[in-house]
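query_33.txt (compact mmCIF, C-alpha atoms and all ligand atoms)
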```txt
# COMPACT_ATOMS: atom_id res chain seq x y z
CA MET A 1 -139.08 15.63 -61.48
CA ILE A 2 -138.52 11.91 -60.82
CA GLU A 3 -141.57 10.14 -62.23
CA ARG A 4 -142.89 6.60 -62.55
CA THR A 5 -144.69 5.55 -65.68
CA LEU A 6 -146.30 2.39 -67.06
CA VAL A 7 -144.82 0.50 -70.00
CA LEU A 8 -146.50 -2.57 -71.47
CA VAL A 9 -144.88 -4.92 -73.97
CA LYS A 10 -148.09 -5.83 -75.80
CA PRO A 11 -148.93 -9.31 -77.16
CA ASP A 12 -147.19 -8.66 -80.50
CA GLY A 13 -143.92 -7.80 -78.71
CA VAL A 14 -144.15 -10.90 -76.51
CA GLN A 15 -145.10 -13.24 -79.37
CA ARG A 16 -142.38 -11.86 -81.65
CA GLY A 17 -139.72 -12.48 -78.99
CA LEU A 18 -138.90 -8.80 -78.63
CA ILE A 19 -139.28 -8.49 -74.83
CA GLY A 20 -135.53 -8.25 -74.25
CA ASP A 21 -134.90 -5.79 -77.10
CA ILE A 22 -137.70 -3.55 -75.89
CA ILE A 23 -136.70 -3.60 -72.21
CA SER A 24 -133.08 -2.85 -73.10
CA ARG A 25 -134.11 0.38 -74.88
CA PHE A 26 -135.33 1.73 -71.53
CA GLU A 27 -132.46 0.32 -69.46
CA LYS A 28 -129.85 1.75 -71.82
CA ARG A 29 -131.43 5.19 -71.56
CA GLY A 30 -130.74 5.03 -67.81
CA LEU A 31 -134.34 4.43 -66.74
CA LYS A 32 -134.89 2.20 -63.70
CA ILE A 33 -137.35 -0.68 -63.77
CA VAL A 34 -139.09 -0.61 -60.38
CA GLY A 35 -141.77 -3.24 -61.11
CA MET A 36 -142.18 -5.98 -63.71
CA LYS A 37 -144.47 -8.97 -64.39
CA MET A 38 -146.12 -11.02 -67.13
CA VAL A 39 -149.92 -10.86 -67.14
CA TRP A 40 -152.63 -12.29 -69.42
CA VAL A 41 -155.46 -9.78 -69.07
CA ASP A 42 -159.18 -10.40 -69.62
CA LYS A 43 -161.90 -8.25 -71.20
CA ASP A 44 -162.82 -6.60 -67.88
CA PHE A 45 -159.25 -5.53 -67.23
CA SER A 46 -158.90 -4.29 -70.81
CA LYS A 47 -161.96 -2.06 -70.25
CA GLN A 48 -160.37 -0.65 -67.08
CA HIS A 49 -157.02 0.03 -68.74
CA TYR A 50 -158.51 1.42 -71.97
CA SER A 51 -161.55 3.13 -70.36
CA ALA A 52 -160.86 6.26 -72.44
CA HIS A 53 -161.23 4.25 -75.68
CA ILE A 54 -164.29 2.07 -74.95
CA ASP A 55 -166.56 4.15 -77.24
CA LYS A 56 -164.08 4.38 -80.10
CA ASN A 57 -164.66 2.36 -83.25
CA PHE A 58 -161.30 0.59 -82.87
CA TYR A 59 -162.02 -0.60 -79.30
CA LYS A 60 -163.31 -4.08 -80.25
CA GLY A 61 -160.15 -4.80 -82.27
CA LEU A 62 -158.00 -3.33 -79.51
CA GLU A 63 -159.62 -5.54 -76.86
CA ASP A 64 -159.30 -8.67 -79.03
CA PHE A 65 -155.62 -7.86 -79.51
CA ILE A 66 -154.77 -7.04 -75.92
CA ILE A 67 -156.32 -10.25 -74.54
CA SER A 68 -154.82 -12.47 -77.27
CA ALA A 69 -151.54 -13.34 -75.46
CA PRO A 70 -149.62 -12.30 -72.34
CA ILE A 71 -148.28 -8.81 -71.76
CA VAL A 72 -145.11 -7.79 -69.91
CA ALA A 73 -145.92 -4.86 -67.63
CA MET A 74 -143.24 -2.58 -66.23
CA ALA A 75 -143.17 0.42 -63.94
CA VAL A 76 -140.28 2.57 -65.07
CA GLU A 77 -138.70 5.40 -63.10
CA GLY A 78 -136.53 8.33 -64.13
CA ILE A 79 -136.26 12.08 -64.62
CA ASN A 80 -139.39 13.17 -66.52
CA ALA A 81 -139.90 9.48 -67.28
CA VAL A 82 -143.35 9.90 -68.89
CA GLU A 83 -142.07 12.15 -71.67
CA LEU A 84 -138.81 10.24 -72.08
CA VAL A 85 -140.51 6.84 -72.37
CA ARG A 86 -142.88 8.18 -75.04
CA LYS A 87 -139.90 9.54 -76.97
CA VAL A 88 -138.19 6.14 -76.83
CA VAL A 89 -141.43 4.40 -77.93
CA GLY A 90 -142.32 6.71 -80.86
CA SER A 91 -145.69 7.77 -82.25
CA THR A 92 -148.75 5.48 -82.04
CA GLU A 93 -148.75 4.60 -85.75
CA PRO A 94 -145.62 2.56 -86.53
CA LYS A 95 -145.70 3.80 -90.15
CA SER A 96 -145.09 7.36 -88.91
CA ALA A 97 -142.80 6.51 -85.99
CA PRO A 98 -139.24 7.75 -86.56
CA ILE A 99 -136.44 5.23 -87.08
CA GLY A 100 -134.59 4.92 -83.79
CA THR A 101 -137.80 4.56 -81.79
CA ILE A 102 -139.13 1.13 -80.76
CA ARG A 103 -142.18 1.38 -83.02
CA GLY A 104 -140.14 2.83 -85.90
CA ASP A 105 -137.49 0.12 -85.67
CA PHE A 106 -139.61 -2.99 -85.04
CA ALA A 107 -142.93 -2.33 -86.83
CA HIS A 108 -144.39 -0.53 -89.84
CA VAL A 109 -148.20 -0.95 -89.89
CA SER A 110 -150.43 2.05 -90.74
CA TYR A 111 -153.79 3.27 -89.36
CA GLU A 112 -155.23 2.85 -92.85
CA TYR A 113 -154.26 -0.84 -93.00
CA ALA A 114 -155.49 -1.62 -89.47
CA ASP A 115 -158.76 0.26 -89.90
CA LYS A 116 -159.51 -1.38 -93.27
CA LYS A 117 -158.98 -4.80 -91.70
CA GLY A 118 -160.93 -3.82 -88.55
CA ILE A 119 -158.02 -4.77 -86.30
CA SER A 120 -155.96 -2.91 -83.73
CA ILE A 121 -152.72 -1.22 -84.63
CA LYS A 122 -150.00 -3.63 -83.50
CA ASN A 123 -147.50 -1.18 -82.07
CA LEU A 124 -145.58 -3.35 -79.56
CA VAL A 125 -145.73 -1.05 -76.56
CA HIS A 126 -148.09 0.99 -74.44
CA ALA A 127 -146.70 4.00 -72.59
CA SER A 128 -148.70 6.26 -70.27
CA GLY A 129 -149.76 9.51 -71.97
CA ASN A 130 -149.12 12.01 -69.16
CA SER A 131 -148.17 12.20 -65.47
CA GLU A 132 -151.73 11.83 -64.19
CA GLU A 133 -152.39 8.83 -66.44
CA ALA A 134 -149.04 7.34 -65.38
CA GLU A 135 -149.97 7.45 -61.69
CA GLN A 136 -153.38 5.89 -62.36
CA GLU A 137 -151.98 3.20 -64.64
CA VAL A 138 -149.09 2.21 -62.37
CA SER A 139 -151.55 1.71 -59.52
CA LEU A 140 -153.99 -0.21 -61.76
CA TRP A 141 -151.28 -2.67 -62.84
CA PHE A 142 -149.13 -2.89 -59.69
CA SER A 143 -149.83 -3.23 -55.97
CA VAL A 144 -147.63 -1.30 -53.54
CA GLU A 145 -145.80 -4.58 -52.69
CA GLU A 146 -144.91 -5.11 -56.35
CA LEU A 147 -143.04 -1.80 -56.65
CA PHE A 148 -139.47 -1.58 -55.38
CA ASN A 149 -137.18 1.16 -54.12
CA TYR A 150 -133.55 0.26 -54.72
CA LYS A 151 -130.36 1.95 -55.78
CA SER A 152 -129.28 1.51 -59.40
CA ALA A 153 -125.83 2.31 -60.84
CA ASN A 154 -127.54 4.96 -62.98
CA GLN A 155 -128.02 7.06 -59.86
CA ASP A 156 -124.23 7.52 -59.70
CA TYR A 157 -123.35 7.51 -63.40
CA VAL A 158 -126.35 8.80 -65.36
CA MET A 159 -128.23 11.10 -63.00
P1 LIG A 201 -153.17 4.71 -76.80
O1 LIG A 201 -153.92 4.78 -75.50
O2 LIG A 201 -152.95 6.02 -77.43
O3 LIG A 201 -151.95 3.82 -76.72
O4 LIG A 201 -154.15 4.00 -77.84
C1 LIG A 201 -154.56 2.74 -77.59
C2 LIG A 201 -154.12 1.78 -78.63
O5 LIG A 201 -155.18 1.57 -79.54
C3 LIG A 201 -152.97 2.20 -79.51
O6 LIG A 201 -151.71 2.00 -78.91
C4 LIG A 201 -153.17 1.29 -80.70
O7 LIG A 201 -152.72 -0.05 -80.41
C5 LIG A 201 -154.68 1.24 -80.81
N1 LIG A 201 -155.23 2.24 -81.74
C6 LIG A 201 -155.29 3.57 -81.56
N2 LIG A 201 -155.88 4.18 -82.63
C7 LIG A 201 -156.19 3.18 -83.50
C8 LIG A 201 -156.82 3.15 -84.78
N3 LIG A 201 -157.26 4.25 -85.40
N4 LIG A 201 -156.98 1.95 -85.38
C9 LIG A 201 -156.56 0.83 -84.78
N5 LIG A 201 -155.97 0.80 -83.56
C10 LIG A 201 -155.78 1.95 -82.93
```
So that I can check it, write out the structure of this file as structure tokens.
Ligand code: AMP
Amino acid sequence: MIERTLVLVKPDGVQRGLIGDIISRFEKRGLKIVGMKMVWVDKDFSKQHYSAHIDKNFYKGLEDFIISAPIVAMAVEGINAVELVRKVVGSTEPKSAPIGTIRGDFAHVSYEYADKKGISIKNLVHASGNSEEAEQEVSLWFSVEELFNYKSANQDYVM
């Protein structure tokens, strides 16, 4: 039931100065950050992380975007964390993401606009899609030494 999942604050979130706002959405929900670092990834790493999308027509734009500035990577832990994090983040297209979600509150771009311009959707955050993906992604981004077991107040007051 307790899961770990990967959250990335993408280059647009870092460059817009939204790191703190984004992280606080997860902290306030009672999720525990068990790993965190800033990384500037290269094309090879982008291909590893987005291996499922390499053949898609938006991949070139996605790669250009993801290597354009640093990313803040987090491993986040909580009860059914994969599903909860995706709920907090909102749907992939900011235009359709409900108000109250990170993408709905801090962005508004549409697929149509991004695809016409041949650029990636700037949607601030990446969140693992399912439990299997979460395990793979956490171990791609973090070594065992970079992940921490500690007690948070949430364990007494939220869980
Ligand atoms: P996902 O693995 O679902 O997060 O998808 C990878 C990322 O690719 C998304 O978060 C968007 O940033 C981007 N993306 C997905 N679909 C499109 C699209 N049709 N046009 C432009 N960018 C896209």
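Shortest separation to Asp156 of chain A among A:Asp44, A:Gly30, A:Ser110, A:Val138 occurs at residue A:Gly30, atoms counted being all atoms listed in the file.
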Task: Expected answer as an MDAnalysis selection string: residues within 9 Å of ligand LIG 201 (chain A), only C-alpha atoms and all ligand atoms - done: chainID A and resid 10 49:50 52:53 56:59 61:63 65:66 91:93 110:116 118:129
TODO: For Asn154 of chain A, list every protein, DNA or RNA residue within 10 Å, evaluated using all atoms listed in the file, and leave out those in the same chain fewer than 3 positions away; present the list as JSON, numbers by chain.
DONE: {"A": [27, 28, 29, 30, 31, 32, 78, 151, 157, 158, 159]}
Task: Which residue of A:Arg86, A:Arg103, A:Arg4, A:Arg16 approaches Ala134 of chain A most closely, using only C-alpha atoms - done: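 When distances to Ala134 of chain A are compared using only C-alpha atoms, the smallest one comes from A:Arg4.
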Open item on the list: From the options A:Ile79, A:Lys43, A:Lys117, A:Met36, which residue's atoms come nearest to Phe142 of chain A, counting only C-alpha atoms?
Closed with: A:Met36
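Residue nearest Arg25 of chain A within the list A:Ser143, A:Gln48, A:Gln155, A:Thr101: A:Thr101 [criterion: smallest interatomic distance, only C-alpha atoms].
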Shell around Ala73 of chain A at 12 Å using all atoms listed in the file, local window under 4 positions removed, as a compact mmCIF listing (two decimals) with C-alpha atoms, in the frame of the given file:
```txt
# COMPACT_ATOMS: atom_id res chain seq x y z
CA THR A 5 -144.69 5.55 -65.68
CA LEU A 6 -146.30 2.39 -67.06
CA VAL A 7 -144.82 0.50 -70.00
CA LEU A 8 -146.50 -2.57 -71.47
CA VAL A 9 -144.88 -4.92 -73.97
CA LYS A 10 -148.09 -5.83 -75.80
CA PRO A 11 -148.93 -9.31 -77.16
CA GLY A 13 -143.92 -7.80 -78.71
CA VAL A 14 -144.15 -10.90 -76.51
CA ILE A 19 -139.28 -8.49 -74.83
CA ILE A 22 -137.70 -3.55 -75.89
CA ILE A 23 -136.70 -3.60 -72.21
CA ILE A 33 -137.35 -0.68 -63.77
CA VAL A 34 -139.09 -0.61 -60.38
CA GLY A 35 -141.77 -3.24 -61.11
CA MET A 36 -142.18 -5.98 -63.71
CA LYS A 37 -144.47 -8.97 -64.39
CA MET A 38 -146.12 -11.02 -67.13
CA VAL A 39 -149.92 -10.86 -67.14
CA TRP A 40 -152.63 -12.29 -69.42
CA VAL A 41 -155.46 -9.78 -69.07
CA VAL A 125 -145.73 -1.05 -76.56
CA HIS A 126 -148.09 0.99 -74.44
CA ALA A 127 -146.70 4.00 -72.59
CA SER A 128 -148.70 6.26 -70.27
CA GLU A 137 -151.98 3.20 -64.64
CA VAL A 138 -149.09 2.21 -62.37
CA SER A 139 -151.55 1.71 -59.52
CA LEU A 140 -153.99 -0.21 -61.76
CA TRP A 141 -151.28 -2.67 -62.84
CA PHE A 142 -149.13 -2.89 -59.69
CA GLU A 146 -144.91 -5.11 -56.35
CA LEU A 147 -143.04 -1.80 -56.65
```
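What separates atom CA of Ala107 of chain A from atom CA of Ile71 of chain A is a distance of 17.3 Å.
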Task: Separation of atom CA of Gln136 of chain A from atom CA of Ala81 of chain A in Å - done: 14.8 Å
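Atom pair atom CA of Pro98 of chain A / atom CA of Asn130 of chain A has a distance of 20.5 Å (rounded to one decimal).
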Could you please fill out segment 65-76 of chain A with all heavy atoms and send it back as a short mmCIF file (atom, residue, chain, number, x, y, z; two decimals), in the coordinates of the input?
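That gives us result.cif:
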```cif
data_model
loop_
_atom_site.label_atom_id
_atom_site.label_comp_id
_atom_site.auth_asym_id
_atom_site.auth_seq_id
_atom_site.Cartn_x
_atom_site.Cartn_y
_atom_site.Cartn_z
N PHE A 65 -157.09 -7.81 -79.42
CA PHE A 65 -155.62 -7.86 -79.51
C PHE A 65 -154.99 -7.98 -78.12
O PHE A 65 -154.14 -8.84 -77.87
CB PHE A 65 -155.15 -6.60 -80.24
CG PHE A 65 -153.67 -6.33 -80.19
CD1 PHE A 65 -152.74 -7.31 -80.53
CD2 PHE A 65 -153.21 -5.07 -79.82
CE1 PHE A 65 -151.38 -7.04 -80.49
CE2 PHE A 65 -151.84 -4.80 -79.77
CZ PHE A 65 -150.93 -5.79 -80.10
N ILE A 66 -155.45 -7.15 -77.21
CA ILE A 66 -154.77 -7.04 -75.92
C ILE A 66 -154.99 -8.27 -75.04
O ILE A 66 -154.19 -8.56 -74.15
CB ILE A 66 -155.19 -5.70 -75.22
CG1 ILE A 66 -154.01 -5.04 -74.55
CG2 ILE A 66 -156.35 -5.82 -74.28
CD1 ILE A 66 -152.95 -4.51 -75.45
N ILE A 67 -156.07 -9.03 -75.32
CA ILE A 67 -156.32 -10.25 -74.54
C ILE A 67 -155.82 -11.50 -75.28
O ILE A 67 -156.04 -12.62 -74.83
CB ILE A 67 -157.82 -10.41 -74.16
CG1 ILE A 67 -158.68 -10.67 -75.39
CG2 ILE A 67 -158.31 -9.21 -73.37
CD1 ILE A 67 -160.11 -11.14 -75.06
N SER A 68 -155.15 -11.32 -76.42
CA SER A 68 -154.82 -12.47 -77.27
C SER A 68 -153.59 -13.26 -76.80
O SER A 68 -153.38 -14.39 -77.23
CB SER A 68 -154.59 -12.00 -78.72
OG SER A 68 -153.47 -11.14 -78.78
N ALA A 69 -152.77 -12.69 -75.95
CA ALA A 69 -151.54 -13.34 -75.46
C ALA A 69 -151.07 -12.55 -74.24
O ALA A 69 -151.57 -11.44 -73.99
CB ALA A 69 -150.47 -13.38 -76.56
N PRO A 70 -150.08 -13.05 -73.51
CA PRO A 70 -149.62 -12.30 -72.34
C PRO A 70 -148.95 -10.98 -72.69
O PRO A 70 -148.49 -10.78 -73.81
CB PRO A 70 -148.61 -13.25 -71.68
CG PRO A 70 -148.82 -14.56 -72.29
CD PRO A 70 -149.41 -14.34 -73.65
N ILE A 71 -148.90 -10.14 -71.68
CA ILE A 71 -148.28 -8.81 -71.76
C ILE A 71 -147.18 -8.76 -70.70
O ILE A 71 -147.34 -9.36 -69.63
CB ILE A 71 -149.35 -7.74 -71.44
CG1 ILE A 71 -150.31 -7.58 -72.62
CG2 ILE A 71 -148.74 -6.40 -71.04
CD1 ILE A 71 -151.52 -6.73 -72.29
N VAL A 72 -146.09 -8.06 -70.96
CA VAL A 72 -145.11 -7.79 -69.91
C VAL A 72 -145.31 -6.35 -69.46
O VAL A 72 -145.21 -5.42 -70.28
CB VAL A 72 -143.66 -8.03 -70.39
CG1 VAL A 72 -142.65 -7.55 -69.34
CG2 VAL A 72 -143.44 -9.52 -70.66
N ALA A 73 -145.65 -6.20 -68.18
CA ALA A 73 -145.92 -4.86 -67.63
C ALA A 73 -144.72 -4.41 -66.81
O ALA A 73 -144.14 -5.20 -66.06
CB ALA A 73 -147.16 -4.91 -66.75
N MET A 74 -144.38 -3.14 -66.97
CA MET A 74 -143.24 -2.58 -66.23
C MET A 74 -143.61 -1.22 -65.68
O MET A 74 -144.26 -0.42 -66.37
CB MET A 74 -142.07 -2.32 -67.18
CG MET A 74 -141.23 -3.49 -67.50
SD MET A 74 -140.04 -3.00 -68.78
CE MET A 74 -141.06 -3.03 -70.23
N ALA A 75 -143.15 -0.95 -64.46
CA ALA A 75 -143.17 0.42 -63.94
C ALA A 75 -141.75 0.92 -64.07
O ALA A 75 -140.80 0.26 -63.63
CB ALA A 75 -143.63 0.43 -62.50
N VAL A 76 -141.60 2.06 -64.72
CA VAL A 76 -140.28 2.57 -65.07
C VAL A 76 -140.10 3.94 -64.43
O VAL A 76 -141.01 4.78 -64.48
CB VAL A 76 -140.18 2.64 -66.62
CG1 VAL A 76 -138.92 3.36 -67.04
CG2 VAL A 76 -140.22 1.25 -67.22
#
```
